[in-house]
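Undergrad: Provided herewith is a single structure, encoded as structure tokens, for subsequent inquiry.
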Amino acid sequence: MTTNFTPAQLVDAASDLLARPGAPVTAVYPRAAALLARQALEARVQREWRAAEVSLAETNMANQFHALRQLRNAAIAGTAHETPRHPRVAARQPQEPRRAVGRGARAARHATR
Amino acid sequence: MTTGANDLVNEVFERLLDADAPDDLIDAVLAAAGGIDAFVAWTGGATPTRPTTTSDDIKAAPTGVFLTGLRAEGFRGIGPRSHLTFAPGPGLHVIVGRNGCGKSSFAEALEVLLTGSTRRFEARTEAWREGWRNLHHTSTCEVQATAHIEGQFAQTTLTRNWPAGATDFSDSPTKVQTKGQPVTDLHAIGWATAVRAYKPMLCAIDFDDVAGKPSALHDLLVEVLGLEPYNEAKKRLEQHDKELRASIDLARKDAASLIDRLRKTTDTRATACLTAINGDKPPWDLDTLRDIVLGDPEPDSDVTTLHELRRLSWPNPDEVATQVAHLRQAADALGAAESTAAKELDAAWRPLAADLAAWIPHAAAATDAVAKQKIAKDAVSWFKAEIDRLRTARFQPLAAEAQIIFERLSYRSNVSLLDVKLEGENTRRRVGFSLSVDDTDAGLGVLSQGEVNALALAMFVPRATRAESPFRFLVIDDPVQSMDPAKVDGLAQLLSELAKTRQVIVLTHDDRLPQAIRRLGLPASVVELTRGEQSVVEARRLVSPAASALQSAKAIAADKTIATDLQDRIIPGFCRMALEAAFTDLAWHKLLSAGKTHAEIEELLDDTTKLYPRASLGLFANDTDTDRVLSRLNTISSRGASAFKACNEGTHVGVPNAALLIGDIEQLIGKLA
């Protein structure tokens, strides 16, 4: 078993890595910080759904993020969606979002109606 | 942006229709755009066929080419056969090595294969040029590049070889062959033109273009704008205009001479001819002229009178016996006078009439040419305006891109590139750079050598990465020279950015570039070249994108200042990155060999961000066989499947004793490669 860090602890650990003297000139610490920050975000979103009336915590993370905007805090959800995209993907014509499939997706769609 | 005859005809036709151009201008422009045969037919009176499709209908995406290897033997600094290999697909490949280790020889080998020569050769003296063969390896000399052309199942090789003792470098042309197909050449596959327009190689000597002959850089950049077919069509029309003008000028010159002669002639027909010609400028009344010169003489002319007098019948000699001798004498005198006058008049008229008759067809052609010349001139003006418009429109994005690149490479520099323009014409053509230093306008002279190199790169990259170029690779020889550390970081980031969609191969003697790549954690493959005795050149892989991610994982594991439970959270993420990089490389190999296009592969990779589909792509060339991934990994490496699963899940929640995972992933990736 790995240690069960809270999201806040993971964010603190990420901040600590970024504050290290070597961080601005080496990619290892910033990347490690990004990995921890991602885990913090995922853990926080999962906790959000565990506490919610509509539990989506067992569905995949993409579904949990999709439903976040409609069911929880739109501003926070917007920030969570602002992930950097590959330039080639960004340059592509706007497309219909790929429709998530599976039990979790159906639950998410149902929950957002 | 090369444009074939059909493309050009379609492009210009759309523009002419948009401008509501008159029919005769449309015909002239289409004929000139359609190539020499269509043009000759039009000048002969044929009407060019109007296209029924638009340029968008027929434009096909250019075929993409990735390099898979470079090989050289007995060439320049390389003795026995030595080779470099590259994963066919986007990615950054850095070849490092000391000066004289053979790096530039590989770059030159590729340049020689693609262009027939190298700019470095051409710039040197004869004595230097003779040294293209390796001194230690005098048997055979060969350079070869292998490439994967989009849509081809087999690789394509470009080869030049010279037997022992051959001294003439130009003796061996580049042979191009795709396995199972006949040998061909660069022209046949369309690369000879594409290399000129989008030259995918930037060598040390090319860096001097920015500060070199003003017209040279201008010509390099104009070539990429795809205006050559427009210029050729314009030249055809200009030549036609010139020929028409010559025909008109000749007819006018002859007219002036004939008018002069007609004025000196007392013959009444000459007066009539002068009225018909009426000056040396067309139009002339050629029908009347033809009637006068070739038709019957006029009834009241002097010659007619004399002819009638000559035919008179005389009275009976009995009735005018005494007058006979007298009259006979008078008649004889009159006959002699009539004959002499008629002869004199005819003698003056006949050669003039002959010359007038000979002139009439030329005059008719010249009259016709006047109308044609107006159409040709209008068409030339149309092409001039269109070339100017396209030059500006097509150069603008290149200039904007160059500014962005220069900005990125000029980090912490006080020099800004404000604008780049193509200026002047003919002998005054040049590329105009607007620079400023601390907000004050400045010329190129203010640039340091490092900034000149940055500017050269900024001008090279947009040209070499045009979507219309078939080459999906860039080869840059020694871009780091004279750059300060901040610029090297900017360069490493720029190259990494380019490597997301292009295969970028950089050769450098300067350790600072691989150091910056490692420090910034940029995915790259780093190969070291060493040159031993007898010019033996060896390549050794130092880093790959997968190895780079594993290095990061190892660095975290070795960092005692990071608690072990945090390490367990971080390391799986780095291991997953390593796996993703390894499967991406594999996917490019497999999908290219399966005949997928570059766009299809890129789209597949963009859409498979999750590890299982990405692994499926790498292992089975499709993203749907995710159920077979673990069993296949177990056949590749004993702990492959469990390590793969641990990375995938551990990225989100960590893995106990994650440091142990690194060895398993390293082993798996080693076997995958």
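Chain labels follow the order of the structure tokens: the first chain is A, the next B, and so on; residue numbering restarts at 1 in every chain, and ligands are counted from 1 in their shown order.
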Can you work out which residues from chain B touch chain A at a cut-off of 6 Å (counting only C-alpha atoms) and hand them back as a list in words?
TA: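 Listed by rising number, the hits are Arg519, Leu520, Gly521, Ser552, Ile570, His652 and Pro656 of chain B.
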Undergrad: Output N, CA, C and O atoms for every residue in that selection, as a PDB file, in the first residue's frame.
TA:
```
ATOM      1  N   ARG B 519      18.706  18.849 -19.192  1.00  0.00           N
ATOM      2  CA  ARG B 519      18.315  19.694 -18.068  1.00  0.00           C
ATOM      3  C   ARG B 519      16.846  20.090 -18.164  1.00  0.00           C
ATOM      4  O   ARG B 519      16.140  20.128 -17.157  1.00  0.00           O
ATOM      5  N   LEU B 520      16.409  20.371 -19.388  1.00  0.00           N
ATOM      6  CA  LEU B 520      15.015  20.802 -19.559  1.00  0.00           C
ATOM      7  C   LEU B 520      14.067  19.615 -19.697  1.00  0.00           C
ATOM      8  O   LEU B 520      12.863  19.790 -19.841  1.00  0.00           O
ATOM      9  N   GLY B 521      14.653  18.414 -19.648  1.00  0.00           N
ATOM     10  CA  GLY B 521      13.823  17.212 -19.718  1.00  0.00           C
ATOM     11  C   GLY B 521      13.093  17.071 -21.042  1.00  0.00           C
ATOM     12  O   GLY B 521      11.978  16.552 -21.092  1.00  0.00           O
ATOM     13  N   SER B 552      14.936  10.397 -15.394  1.00  0.00           N
ATOM     14  CA  SER B 552      14.241  11.236 -14.414  1.00  0.00           C
ATOM     15  C   SER B 552      13.760  10.373 -13.245  1.00  0.00           C
ATOM     16  O   SER B 552      13.856  10.774 -12.082  1.00  0.00           O
ATOM     17  N   ILE B 570       5.756   9.479  -7.444  1.00  0.00           N
ATOM     18  CA  ILE B 570       6.302  10.177  -8.624  1.00  0.00           C
ATOM     19  C   ILE B 570       6.841   9.193  -9.676  1.00  0.00           C
ATOM     20  O   ILE B 570       6.593   9.334 -10.879  1.00  0.00           O
ATOM     21  N   HIS B 652      -1.591   7.364 -11.071  1.00  0.00           N
ATOM     22  CA  HIS B 652      -2.682   8.072 -10.383  1.00  0.00           C
ATOM     23  C   HIS B 652      -2.572   7.994  -8.855  1.00  0.00           C
ATOM     24  O   HIS B 652      -2.895   8.953  -8.171  1.00  0.00           O
ATOM     25  N   PRO B 656       3.826   0.930  -4.304  1.00  0.00           N
ATOM     26  CA  PRO B 656       4.814   0.666  -3.244  1.00  0.00           C
ATOM     27  C   PRO B 656       6.147   0.234  -3.852  1.00  0.00           C
ATOM     28  O   PRO B 656       6.165  -0.465  -4.874  1.00  0.00           O
TER      29      PRO B 656
END
```
Undergrad: Skipping near chain neighbours, those fewer than 5 positions away, what residues fall within 12 Å of A:Gln46 using only C-alpha atoms, listed as a ChimeraX atom specification?
TA: /A:6-7,39-41,51-52,54-65,67-68 /B:652-653
Undergrad: Could you save the residues just selected, with N, CA, C and O atoms, as a PDB file, in the first residue's frame?
TA:
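New file result-v8.pdb:
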```pdb
ATOM      1  N   THR A   6      -3.377  13.313   1.424  1.00  0.00           N
ATOM      2  CA  THR A   6      -4.554  14.126   1.080  1.00  0.00           C
ATOM      3  C   THR A   6      -4.172  15.000  -0.119  1.00  0.00           C
ATOM      4  O   THR A   6      -2.968  15.249  -0.358  1.00  0.00           O
ATOM      5  N   PRO A   7      -5.157  15.514  -0.842  1.00  0.00           N
ATOM      6  CA  PRO A   7      -4.827  16.413  -1.955  1.00  0.00           C
ATOM      7  C   PRO A   7      -3.968  17.581  -1.506  1.00  0.00           C
ATOM      8  O   PRO A   7      -3.027  17.958  -2.214  1.00  0.00           O
ATOM      9  N   GLN A  39      -2.122  14.130  -9.364  1.00  0.00           N
ATOM     10  CA  GLN A  39      -2.714  13.200  -8.395  1.00  0.00           C
ATOM     11  C   GLN A  39      -3.574  13.948  -7.381  1.00  0.00           C
ATOM     12  O   GLN A  39      -4.648  13.479  -6.984  1.00  0.00           O
ATOM     13  N   ALA A  40      -3.131  15.141  -6.978  1.00  0.00           N
ATOM     14  CA  ALA A  40      -3.896  15.942  -6.020  1.00  0.00           C
ATOM     15  C   ALA A  40      -5.252  16.324  -6.615  1.00  0.00           C
ATOM     16  O   ALA A  40      -6.290  16.212  -5.963  1.00  0.00           O
ATOM     17  N   LEU A  41      -5.199  16.734  -7.856  1.00  0.00           N
ATOM     18  CA  LEU A  41      -6.434  17.146  -8.536  1.00  0.00           C
ATOM     19  C   LEU A  41      -7.404  15.967  -8.663  1.00  0.00           C
ATOM     20  O   LEU A  41      -8.604  16.085  -8.371  1.00  0.00           O
ATOM     21  N   ALA A  51     -18.668  12.530  -1.952  1.00  0.00           N
ATOM     22  CA  ALA A  51     -19.537  13.268  -1.051  1.00  0.00           C
ATOM     23  C   ALA A  51     -20.856  13.668  -1.722  1.00  0.00           C
ATOM     24  O   ALA A  51     -21.804  14.050  -1.038  1.00  0.00           O
ATOM     25  N   ALA A  52     -20.890  13.566  -3.037  1.00  0.00           N
ATOM     26  CA  ALA A  52     -22.075  14.051  -3.753  1.00  0.00           C
ATOM     27  C   ALA A  52     -23.202  13.035  -3.719  1.00  0.00           C
ATOM     28  O   ALA A  52     -22.990  11.852  -3.478  1.00  0.00           O
ATOM     29  N   VAL A  54     -24.940  12.168  -6.310  1.00  0.00           N
ATOM     30  CA  VAL A  54     -24.715  11.288  -7.465  1.00  0.00           C
ATOM     31  C   VAL A  54     -23.257  10.859  -7.405  1.00  0.00           C
ATOM     32  O   VAL A  54     -22.361  11.658  -7.639  1.00  0.00           O
ATOM     33  N   SER A  55     -23.020   9.619  -7.058  1.00  0.00           N
ATOM     34  CA  SER A  55     -21.631   9.200  -6.900  1.00  0.00           C
ATOM     35  C   SER A  55     -21.032   8.770  -8.229  1.00  0.00           C
ATOM     36  O   SER A  55     -21.482   7.818  -8.842  1.00  0.00           O
ATOM     37  N   LEU A  56     -20.042   9.526  -8.671  1.00  0.00           N
ATOM     38  CA  LEU A  56     -19.349   9.172  -9.920  1.00  0.00           C
ATOM     39  C   LEU A  56     -17.916   8.740  -9.612  1.00  0.00           C
ATOM     40  O   LEU A  56     -17.117   8.583 -10.534  1.00  0.00           O
ATOM     41  N   ALA A  57     -17.612   8.584  -8.322  1.00  0.00           N
ATOM     42  CA  ALA A  57     -16.215   8.336  -7.941  1.00  0.00           C
ATOM     43  C   ALA A  57     -15.658   7.056  -8.550  1.00  0.00           C
ATOM     44  O   ALA A  57     -14.450   6.932  -8.731  1.00  0.00           O
ATOM     45  N   GLU A  58     -16.530   6.115  -8.895  1.00  0.00           N
ATOM     46  CA  GLU A  58     -16.027   4.851  -9.447  1.00  0.00           C
ATOM     47  C   GLU A  58     -15.902   4.892 -10.971  1.00  0.00           C
ATOM     48  O   GLU A  58     -15.400   3.949 -11.568  1.00  0.00           O
ATOM     49  N   THR A  59     -16.389   5.939 -11.585  1.00  0.00           N
ATOM     50  CA  THR A  59     -16.253   6.005 -13.056  1.00  0.00           C
ATOM     51  C   THR A  59     -14.860   6.534 -13.383  1.00  0.00           C
ATOM     52  O   THR A  59     -14.110   6.937 -12.492  1.00  0.00           O
ATOM     53  N   ASN A  60     -14.545   6.543 -14.672  1.00  0.00           N
ATOM     54  CA  ASN A  60     -13.184   7.002 -14.995  1.00  0.00           C
ATOM     55  C   ASN A  60     -13.052   8.517 -14.822  1.00  0.00           C
ATOM     56  O   ASN A  60     -14.047   9.241 -14.747  1.00  0.00           O
ATOM     57  N   MET A  61     -11.825   8.947 -14.756  1.00  0.00           N
ATOM     58  CA  MET A  61     -11.542  10.332 -14.383  1.00  0.00           C
ATOM     59  C   MET A  61     -12.107  11.328 -15.410  1.00  0.00           C
ATOM     60  O   MET A  61     -12.573  12.413 -15.045  1.00  0.00           O
ATOM     61  N   ALA A  62     -12.090  10.936 -16.694  1.00  0.00           N
ATOM     62  CA  ALA A  62     -12.611  11.845 -17.729  1.00  0.00           C
ATOM     63  C   ALA A  62     -14.078  12.153 -17.460  1.00  0.00           C
ATOM     64  O   ALA A  62     -14.513  13.312 -17.546  1.00  0.00           O
ATOM     65  N   ASN A  63     -14.830  11.112 -17.122  1.00  0.00           N
ATOM     66  CA  ASN A  63     -16.258  11.328 -16.835  1.00  0.00           C
ATOM     67  C   ASN A  63     -16.446  12.219 -15.617  1.00  0.00           C
ATOM     68  O   ASN A  63     -17.331  13.074 -15.582  1.00  0.00           O
ATOM     69  N   GLN A  64     -15.619  11.992 -14.611  1.00  0.00           N
ATOM     70  CA  GLN A  64     -15.741  12.794 -13.396  1.00  0.00           C
ATOM     71  C   GLN A  64     -15.504  14.274 -13.705  1.00  0.00           C
ATOM     72  O   GLN A  64     -16.193  15.149 -13.199  1.00  0.00           O
ATOM     73  N   PHE A  65     -14.551  14.544 -14.582  1.00  0.00           N
ATOM     74  CA  PHE A  65     -14.271  15.939 -14.951  1.00  0.00           C
ATOM     75  C   PHE A  65     -15.401  16.517 -15.799  1.00  0.00           C
ATOM     76  O   PHE A  65     -15.798  17.665 -15.625  1.00  0.00           O
ATOM     77  N   ALA A  67     -18.523  15.827 -15.762  1.00  0.00           N
ATOM     78  CA  ALA A  67     -19.726  16.109 -14.970  1.00  0.00           C
ATOM     79  C   ALA A  67     -19.507  17.242 -13.968  1.00  0.00           C
ATOM     80  O   ALA A  67     -20.461  17.844 -13.480  1.00  0.00           O
ATOM     81  N   LEU A  68     -18.254  17.525 -13.697  1.00  0.00           N
ATOM     82  CA  LEU A  68     -17.933  18.514 -12.666  1.00  0.00           C
ATOM     83  C   LEU A  68     -18.564  19.883 -12.965  1.00  0.00           C
ATOM     84  O   LEU A  68     -19.129  20.533 -12.093  1.00  0.00           O
TER      85      LEU A  68
ATOM     86  N   HIS B 652      -1.591   7.364 -11.071  1.00  0.00           N
ATOM     87  CA  HIS B 652      -2.682   8.072 -10.383  1.00  0.00           C
ATOM     88  C   HIS B 652      -2.572   7.994  -8.855  1.00  0.00           C
ATOM     89  O   HIS B 652      -2.895   8.953  -8.171  1.00  0.00           O
ATOM     90  N   VAL B 653      -2.130   6.836  -8.361  1.00  0.00           N
ATOM     91  CA  VAL B 653      -2.151   6.662  -6.886  1.00  0.00           C
ATOM     92  C   VAL B 653      -0.812   6.204  -6.305  1.00  0.00           C
ATOM     93  O   VAL B 653      -0.699   5.979  -5.104  1.00  0.00           O
TER      94      VAL B 653
END
```
Undergrad: Tell me, which residues of stretch 395-501 of chain B carry DSSP alpha helix (DSSP H), written as a ChimeraX atom specification?
TA: /B:395-409,449-464,485-498
Undergrad: Any idea what's packed within 9 Å of B:Ser616, counting only C-alpha atoms, ignoring anything in its chain fewer than 3 positions away? Could you give it as a list in words?
TA: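 Counting only the stated atoms, we get Phe583, Ala587, Leu611, Tyr612, Pro613, Leu619, Phe620, Ala621, Asn622, Asp623, Thr624, Asp625, Thr626, Asp627, Arg628 and Val629 of chain B.
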